[in-house]
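Only one structure is covered here, and it is reproduced in the block below.
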Amino acid sequence: MTFTELINDYDWDTLQSRIYAKTPGDVELALHREKRTPDDFMALVSPAAQAYLEPMAALSRQYTRQRFGNTIQFYIPLYLTNSCTNHCVYCGFNHNNDIRRIILNDSQILREVEAIKRIGDFQHILLVTGENPRDAGAGYIENAIRLVKPHFSSISIEVQPLSETEYRQLSAAGMNAVYCYQETYHKARYKTYHPRGMKSKFDRRLDTFDRMGRAGVHKIGLGVLIGLEDWRTDVTMMSLHLRYLQKTYWQTRYSISFPRMRPHEGEAFRPNVVMSDRELAQLIFAFRIFDRDIEIALSTREEKTFRDHMTGLGITSLSAGSKTDPGGYAVYRNELEQFAVSDDRAPADVLTAVKRQGYEVVWKDWDLRLQ
(Lines give C-alpha, C1' and ligand atoms only; values in the text may rest on other atoms or scores of the structure.)
Protein backbone atom coordinates (compact mmCIF):
# COMPACT_ATOMS: atom_id res chain seq x y z
CA MET A 1 0.00 0.00 0.00
CA THR A 2 1.39 3.42 -0.99
CA PHE A 3 1.00 6.67 0.90
CA THR A 4 -1.40 7.85 -1.82
CA GLU A 5 -3.79 5.20 -0.48
CA LEU A 6 -2.93 5.74 3.18
CA ILE A 7 -3.50 9.49 3.02
CA ASN A 8 -7.24 8.84 2.73
CA ASP A 9 -7.13 7.56 6.33
CA TYR A 10 -6.18 11.06 7.52
CA ASP A 11 -8.97 13.61 7.48
CA TRP A 12 -7.56 17.14 7.15
CA ASP A 13 -10.13 18.82 9.40
CA THR A 14 -9.80 16.16 12.09
CA LEU A 15 -6.01 16.48 12.16
CA GLN A 16 -6.28 20.26 12.32
CA SER A 17 -8.65 20.08 15.27
CA ARG A 18 -6.33 17.68 17.11
CA ILE A 19 -3.37 20.02 16.61
CA TYR A 20 -5.18 23.11 17.88
CA ALA A 21 -6.55 21.19 20.87
CA LYS A 22 -3.08 20.39 22.22
CA THR A 23 -2.33 21.71 25.70
CA PRO A 24 0.83 22.83 27.52
CA GLY A 25 0.79 19.44 29.24
CA ASP A 26 0.92 17.70 25.84
CA VAL A 27 3.91 19.84 24.84
CA GLU A 28 5.78 19.04 28.06
CA LEU A 29 5.18 15.31 27.56
CA ALA A 30 6.50 15.56 24.00
CA LEU A 31 9.62 17.38 25.17
CA HIS A 32 10.46 14.74 27.79
CA ARG A 33 9.93 11.59 25.74
CA GLU A 34 12.94 9.75 24.36
CA LYS A 35 11.14 8.82 21.11
CA ARG A 36 8.43 11.06 19.70
CA THR A 37 5.27 9.92 17.97
CA PRO A 38 3.30 11.83 15.30
CA ASP A 39 0.97 12.87 18.12
CA ASP A 40 3.96 14.41 19.92
CA PHE A 41 4.88 16.24 16.72
CA MET A 42 1.38 17.73 16.63
CA ALA A 43 1.93 19.06 20.13
CA LEU A 44 5.29 20.59 19.17
CA VAL A 45 3.82 22.49 16.20
CA SER A 46 0.64 23.50 18.03
CA PRO A 47 -0.08 27.03 19.25
CA ALA A 48 0.43 25.72 22.80
CA ALA A 49 4.12 25.13 22.04
CA GLN A 50 4.76 28.83 21.35
CA ALA A 51 5.39 29.29 25.07
CA TYR A 52 8.13 26.61 24.96
CA LEU A 53 10.42 27.95 22.24
CA GLU A 54 13.39 28.31 24.57
CA PRO A 55 13.49 24.67 25.76
CA MET A 56 12.65 23.52 22.23
CA ALA A 57 15.60 25.50 20.85
CA ALA A 58 17.95 24.05 23.48
CA LEU A 59 16.86 20.49 22.71
CA SER A 60 17.07 21.12 18.97
CA ARG A 61 20.61 22.45 19.33
CA GLN A 62 21.60 19.44 21.44
CA TYR A 63 20.24 16.92 18.93
CA THR A 64 21.76 18.75 15.97
CA ARG A 65 25.23 18.77 17.54
CA GLN A 66 24.95 15.10 18.56
CA ARG A 67 24.04 13.98 15.06
CA PHE A 68 25.73 16.48 12.73
CA GLY A 69 28.50 17.93 14.83
CA ASN A 70 29.59 21.54 14.68
CA THR A 71 29.08 21.83 10.93
CA ILE A 72 26.76 23.32 8.31
CA GLN A 73 26.57 22.03 4.74
CA PHE A 74 26.67 24.46 1.79
CA TYR A 75 24.97 23.77 -1.54
CA ILE A 76 24.07 25.83 -4.59
CA PRO A 77 21.21 25.50 -7.10
CA LEU A 78 21.74 25.58 -10.86
CA TYR A 79 18.54 26.39 -12.75
CA LEU A 80 18.65 24.70 -16.15
CA THR A 81 15.34 25.93 -17.57
CA ASN A 82 12.29 28.04 -16.78
CA SER A 83 10.20 26.28 -19.42
CA CYS A 84 7.13 24.78 -17.77
CA THR A 85 3.79 23.31 -18.80
CA ASN A 86 2.13 23.81 -15.41
CA HIS A 87 -0.12 26.66 -14.28
CA CYS A 88 0.79 26.92 -10.59
CA VAL A 89 -0.76 30.17 -9.37
CA TYR A 90 2.11 30.98 -6.98
CA CYS A 91 5.08 30.43 -9.33
CA GLY A 92 6.99 32.74 -11.66
CA PHE A 93 7.46 29.87 -14.14
CA ASN A 94 3.66 29.59 -14.64
CA HIS A 95 2.94 28.59 -18.26
CA ASN A 96 0.62 31.61 -18.63
CA ASN A 97 3.33 34.14 -17.79
CA ASP A 98 4.58 36.04 -20.84
CA ILE A 99 8.28 35.58 -20.26
CA ARG A 100 11.32 34.50 -22.20
CA ARG A 101 11.64 30.72 -21.89
CA ILE A 102 15.18 29.38 -21.64
CA ILE A 103 16.59 25.85 -21.80
CA LEU A 104 20.35 25.86 -21.29
CA ASN A 105 22.43 23.91 -23.80
CA ASP A 106 25.63 21.99 -23.02
CA SER A 107 28.03 24.89 -23.41
CA GLN A 108 25.82 27.19 -21.35
CA ILE A 109 25.57 24.63 -18.53
CA LEU A 110 29.36 24.38 -18.43
CA ARG A 111 29.70 28.18 -18.38
CA GLU A 112 27.37 28.24 -15.37
CA VAL A 113 29.49 25.57 -13.66
CA GLU A 114 32.64 27.62 -14.23
CA ALA A 115 30.98 30.68 -12.72
CA ILE A 116 29.78 28.71 -9.68
CA LYS A 117 33.27 27.36 -9.07
CA ARG A 118 34.62 30.91 -9.07
CA ILE A 119 32.30 32.05 -6.28
CA GLY A 120 32.83 29.14 -3.88
CA ASP A 121 34.24 25.68 -3.35
CA PHE A 122 30.83 24.07 -3.85
CA GLN A 123 30.83 20.28 -4.16
CA HIS A 124 27.07 19.80 -3.75
CA ILE A 125 24.94 21.11 -6.61
CA LEU A 126 21.17 21.06 -7.00
CA LEU A 127 19.95 20.93 -10.62
CA VAL A 128 16.53 22.59 -11.00
CA THR A 129 14.15 22.71 -13.95
CA GLY A 130 10.64 23.80 -14.74
CA GLU A 131 8.37 20.92 -15.66
CA ASN A 132 8.60 20.44 -19.42
CA PRO A 133 8.90 16.69 -20.07
CA ARG A 134 8.97 17.08 -23.85
CA ASP A 135 11.88 19.52 -24.15
CA ALA A 136 13.64 19.00 -20.81
CA GLY A 137 12.72 15.48 -19.77
CA ALA A 138 14.73 12.61 -18.33
CA GLY A 139 17.14 12.50 -21.29
CA TYR A 140 17.96 16.20 -20.94
CA ILE A 141 18.41 15.86 -17.17
CA GLU A 142 20.66 12.80 -17.56
CA ASN A 143 22.84 14.70 -20.01
CA ALA A 144 23.10 17.63 -17.56
CA ILE A 145 24.11 15.26 -14.75
CA ARG A 146 26.88 13.78 -16.88
CA LEU A 147 28.10 17.28 -17.80
CA VAL A 148 28.41 18.52 -14.22
CA LYS A 149 29.53 15.23 -12.65
CA PRO A 150 33.29 15.86 -13.16
CA HIS A 151 32.99 19.13 -11.22
CA PHE A 152 30.92 18.12 -8.16
CA SER A 153 31.03 15.23 -5.70
CA SER A 154 27.27 15.25 -5.10
CA ILE A 155 24.42 15.99 -7.53
CA SER A 156 20.80 16.47 -6.49
CA ILE A 157 17.85 17.26 -8.72
CA GLU A 158 14.54 19.10 -8.33
CA VAL A 159 12.61 18.41 -11.51
CA GLN A 160 9.23 17.09 -12.70
CA PRO A 161 8.07 13.73 -11.33
CA LEU A 162 9.64 10.85 -13.25
CA SER A 163 9.05 7.13 -13.64
CA GLU A 164 10.76 4.50 -11.50
CA THR A 165 12.83 3.49 -14.54
CA GLU A 166 13.92 7.08 -15.13
CA TYR A 167 15.00 7.49 -11.50
CA ARG A 168 17.13 4.38 -11.84
CA GLN A 169 18.56 5.78 -15.07
CA LEU A 170 19.53 9.08 -13.43
CA SER A 171 21.02 7.34 -10.39
CA ALA A 172 23.24 5.33 -12.73
CA ALA A 173 24.32 8.60 -14.37
CA GLY A 174 25.52 10.04 -11.04
CA MET A 175 22.46 11.50 -9.29
CA ASN A 176 22.61 11.28 -5.48
CA ALA A 177 19.31 12.80 -4.35
CA VAL A 178 15.87 13.89 -5.54
CA TYR A 179 13.89 16.76 -4.04
CA CYS A 180 10.17 17.05 -4.73
CA TYR A 181 7.59 19.38 -3.19
CA GLN A 182 4.04 18.19 -2.75
CA GLU A 183 3.39 21.90 -2.03
CA THR A 184 0.28 21.05 0.05
CA TYR A 185 -1.22 17.80 1.31
CA HIS A 186 -4.73 19.31 1.31
CA LYS A 187 -6.16 17.09 -1.42
CA ALA A 188 -9.47 18.92 -1.70
CA ARG A 189 -7.75 22.29 -2.22
CA TYR A 190 -4.72 21.12 -4.21
CA LYS A 191 -6.22 21.77 -7.65
CA THR A 192 -7.03 25.37 -6.66
CA TYR A 193 -3.30 26.09 -6.76
CA HIS A 194 -2.49 23.73 -9.65
CA PRO A 195 -5.41 24.16 -12.07
CA ARG A 196 -3.78 22.70 -15.20
CA GLY A 197 -0.74 20.73 -16.28
CA MET A 198 0.62 17.41 -15.03
CA LYS A 199 1.20 18.91 -11.60
CA SER A 200 -2.57 19.30 -11.20
CA LYS A 201 -2.80 15.53 -10.58
CA PHE A 202 -2.48 15.19 -6.80
CA ASP A 203 -2.18 11.40 -6.64
CA ARG A 204 0.38 11.21 -9.42
CA ARG A 205 2.62 13.70 -7.67
CA LEU A 206 2.26 12.03 -4.29
CA ASP A 207 3.09 8.66 -5.87
CA THR A 208 6.42 10.13 -6.98
CA PHE A 209 8.00 9.44 -3.59
CA ASP A 210 7.14 5.74 -3.73
CA ARG A 211 8.60 5.56 -7.23
CA MET A 212 11.82 7.09 -5.88
CA GLY A 213 11.87 4.62 -3.00
CA ARG A 214 11.33 1.61 -5.24
CA ALA A 215 14.06 2.89 -7.57
CA GLY A 216 16.51 2.94 -4.66
CA VAL A 217 17.18 6.70 -4.77
CA HIS A 218 19.88 7.35 -2.16
CA LYS A 219 18.25 10.43 -0.64
CA ILE A 220 14.73 11.81 -0.95
CA GLY A 221 13.77 15.38 -0.09
CA LEU A 222 10.20 16.33 0.88
CA GLY A 223 8.69 19.77 1.21
CA VAL A 224 5.58 21.90 1.53
CA LEU A 225 5.12 25.50 0.46
CA ILE A 226 4.18 27.66 3.42
CA GLY A 227 1.42 30.08 2.46
CA LEU A 228 -1.12 27.84 0.77
CA GLU A 229 -2.94 26.10 3.63
CA ASP A 230 -2.75 25.90 7.42
CA TRP A 231 0.95 25.20 7.90
CA ARG A 232 0.56 23.19 11.09
CA THR A 233 -1.72 20.68 9.37
CA ASP A 234 0.39 20.55 6.21
CA VAL A 235 3.63 19.78 8.06
CA THR A 236 1.86 17.20 10.21
CA MET A 237 0.76 15.44 7.02
CA MET A 238 4.36 15.65 5.82
CA SER A 239 5.60 14.12 9.09
CA LEU A 240 3.21 11.20 8.55
CA HIS A 241 4.46 10.85 4.99
CA LEU A 242 8.06 10.91 6.22
CA ARG A 243 7.43 8.17 8.79
CA TYR A 244 5.77 6.00 6.12
CA LEU A 245 8.72 6.45 3.75
CA GLN A 246 11.29 5.75 6.47
CA LYS A 247 9.52 2.52 7.40
CA THR A 248 8.95 1.38 3.81
CA TYR A 249 12.26 2.46 2.25
CA TRP A 250 14.46 2.24 5.31
CA GLN A 251 17.77 2.26 3.40
CA THR A 252 17.05 5.72 1.97
CA ARG A 253 18.11 8.97 3.64
CA TYR A 254 15.68 11.89 3.94
CA SER A 255 15.71 15.67 3.89
CA ILE A 256 12.94 18.23 4.39
CA SER A 257 12.30 21.85 3.64
CA PHE A 258 9.40 24.22 4.14
CA PRO A 259 9.97 27.41 2.13
CA ARG A 260 7.80 30.40 2.80
CA MET A 261 6.17 31.96 -0.24
CA ARG A 262 8.16 34.76 -1.90
CA PRO A 263 7.24 37.39 -4.53
CA HIS A 264 7.16 36.08 -8.10
CA GLU A 265 6.38 37.09 -11.68
CA GLY A 266 2.81 37.16 -12.99
CA GLU A 267 -0.51 37.74 -11.28
CA ALA A 268 -0.03 38.49 -7.60
CA PHE A 269 -1.06 35.53 -5.47
CA ARG A 270 -1.57 36.56 -1.90
CA PRO A 271 -0.67 33.80 0.59
CA ASN A 272 -3.62 32.40 2.49
CA VAL A 273 -1.38 31.89 5.51
CA VAL A 274 1.48 34.08 6.69
CA MET A 275 4.04 32.38 8.92
CA SER A 276 6.05 34.52 11.33
CA ASP A 277 9.76 34.02 12.05
CA ARG A 278 8.88 32.65 15.49
CA GLU A 279 6.56 30.09 13.92
CA LEU A 280 9.18 29.01 11.38
CA ALA A 281 11.70 28.63 14.21
CA GLN A 282 9.13 26.55 16.13
CA LEU A 283 8.68 24.31 13.08
CA ILE A 284 12.43 23.79 12.67
CA PHE A 285 12.78 22.90 16.35
CA ALA A 286 9.77 20.57 16.19
CA PHE A 287 11.14 18.57 13.28
CA ARG A 288 14.59 18.27 14.82
CA ILE A 289 13.10 17.03 18.10
CA PHE A 290 10.81 14.65 16.19
CA ASP A 291 13.63 13.21 14.08
CA ARG A 292 17.30 13.58 15.03
CA ASP A 293 18.58 12.18 11.71
CA ILE A 294 16.56 14.23 9.25
CA GLU A 295 18.42 16.85 7.23
CA ILE A 296 16.79 20.28 7.28
CA ALA A 297 17.60 22.85 4.59
CA LEU A 298 17.07 26.60 4.66
CA SER A 299 17.31 28.40 1.31
CA THR A 300 18.02 31.99 0.34
CA ARG A 301 14.26 32.60 0.36
CA GLU A 302 14.78 33.47 4.02
CA GLU A 303 16.27 36.71 5.30
CA LYS A 304 19.94 36.67 6.29
CA THR A 305 19.46 37.46 9.99
CA PHE A 306 17.00 34.64 10.42
CA ARG A 307 19.29 32.20 8.60
CA ASP A 308 22.20 33.23 10.80
CA HIS A 309 20.15 32.74 13.95
CA MET A 310 19.07 29.26 12.87
CA THR A 311 22.66 28.09 12.42
CA GLY A 312 23.12 25.17 14.79
CA LEU A 313 19.51 25.25 16.01
CA GLY A 314 18.27 22.47 13.77
CA ILE A 315 19.35 23.49 10.29
CA THR A 316 21.94 21.28 8.59
CA SER A 317 22.09 22.76 5.07
CA LEU A 318 22.23 26.28 3.65
CA SER A 319 22.26 27.50 0.08
CA ALA A 320 24.41 30.52 -0.69
CA GLY A 321 24.88 32.85 -3.63
CA SER A 322 21.78 31.40 -5.28
CA LYS A 323 20.42 32.50 -8.64
CA THR A 324 16.90 31.26 -9.35
CA ASP A 325 16.85 32.09 -13.05
CA PRO A 326 18.36 29.82 -15.74
CA GLY A 327 21.79 31.07 -16.74
CA GLY A 328 21.83 33.54 -13.86
CA TYR A 329 25.46 32.97 -12.85
CA ALA A 330 27.10 33.76 -16.19
CA VAL A 331 25.04 33.17 -19.34
CA TYR A 332 22.12 35.57 -18.87
CA ARG A 333 21.45 38.51 -16.61
CA ASN A 334 18.17 39.75 -15.18
CA GLU A 335 16.04 36.98 -16.63
CA LEU A 336 12.99 35.69 -14.81
CA GLU A 337 13.60 34.31 -11.32
CA GLN A 338 11.35 31.55 -10.06
CA PHE A 339 11.09 33.53 -6.82
CA ALA A 340 12.79 36.58 -5.32
CA VAL A 341 15.89 35.80 -3.26
CA SER A 342 15.93 37.37 0.20
CA ASP A 343 19.47 36.54 1.37
CA ASP A 344 21.57 37.86 -1.54
CA ARG A 345 24.94 37.71 0.23
CA ALA A 346 27.92 36.25 -1.56
CA PRO A 347 28.91 32.73 -0.40
CA ALA A 348 32.02 34.16 1.26
CA ASP A 349 29.85 36.43 3.42
CA VAL A 350 27.56 33.57 4.44
CA LEU A 351 30.65 31.50 5.22
CA THR A 352 32.00 34.27 7.45
CA ALA A 353 28.69 34.52 9.31
CA VAL A 354 28.62 30.76 9.92
CA LYS A 355 32.22 30.69 11.15
CA ARG A 356 31.61 33.70 13.38
CA GLN A 357 29.16 31.56 15.33
CA GLY A 358 31.75 28.83 15.81
CA TYR A 359 30.63 26.48 13.05
CA GLU A 360 32.53 24.86 10.22
CA VAL A 361 31.29 24.59 6.65
CA VAL A 362 31.00 21.31 4.75
CA TRP A 363 30.95 21.93 1.01
CA LYS A 364 30.11 18.31 0.22
CA ASP A 365 26.83 16.52 0.78
CA TRP A 366 26.23 15.13 4.27
CA ASP A 367 25.89 11.64 2.83
CA LEU A 368 29.44 11.71 1.52
CA ARG A 369 30.79 13.04 4.80
CA LEU A 370 28.97 10.75 7.20
CA GLN A 371 29.30 7.40 5.42
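Ligands are numbered from 1 in the order shown, chains are lettered A, B, ... in the order of the C-alpha coordinates, and residues start at 1 in each chain.
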
List every residue of region 112-333 of chain A that DSSP, applied to the backbone, labels as helix (DSSP H, G or I), and write the result as number ranges by chain. A: 112-119, 138-151, 164-173, 187-193, 198-200, 202-215, 231-248, 277-290, 304-310

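Contact shell of Asp40 (chain A) at 12 Å (only C-alpha atoms; same-chain neighbours under 4 positions omitted): Arg18, Ile19, Lys22, Thr23, Pro24, Gly25, Asp26, Val27, Glu28, Leu29, Ala30, Leu31, His32, Arg33, Glu34, Lys35, Arg36, Leu44, Val45, Ser46, Ala49, Thr236, Ser239, Leu240, Ala286, Phe287, Ile289, Phe290 and Asp291 of chain A.
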
From the DSSP assignment of the backbone, select every residue of region 210-312 of chain A that is strand (DSSP E or B), and format the answer as a VMD selection string. chain A and resid 219 to 224 226 253 to 257 260 295 to 298 311

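Minimum atom-to-atom distance to Ile315 (chain A), evaluated using only C-alpha atoms, belongs to A:Leu298 out of A:Ile256, A:Leu298, A:Ala281, A:Cys180.
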
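Considering the residues A:Asp349, A:Asp234, A:Asp203, A:Glu183 and counting only C-alpha atoms, Met261 (chain A) has its shortest atom-to-atom contact with A:Glu183.
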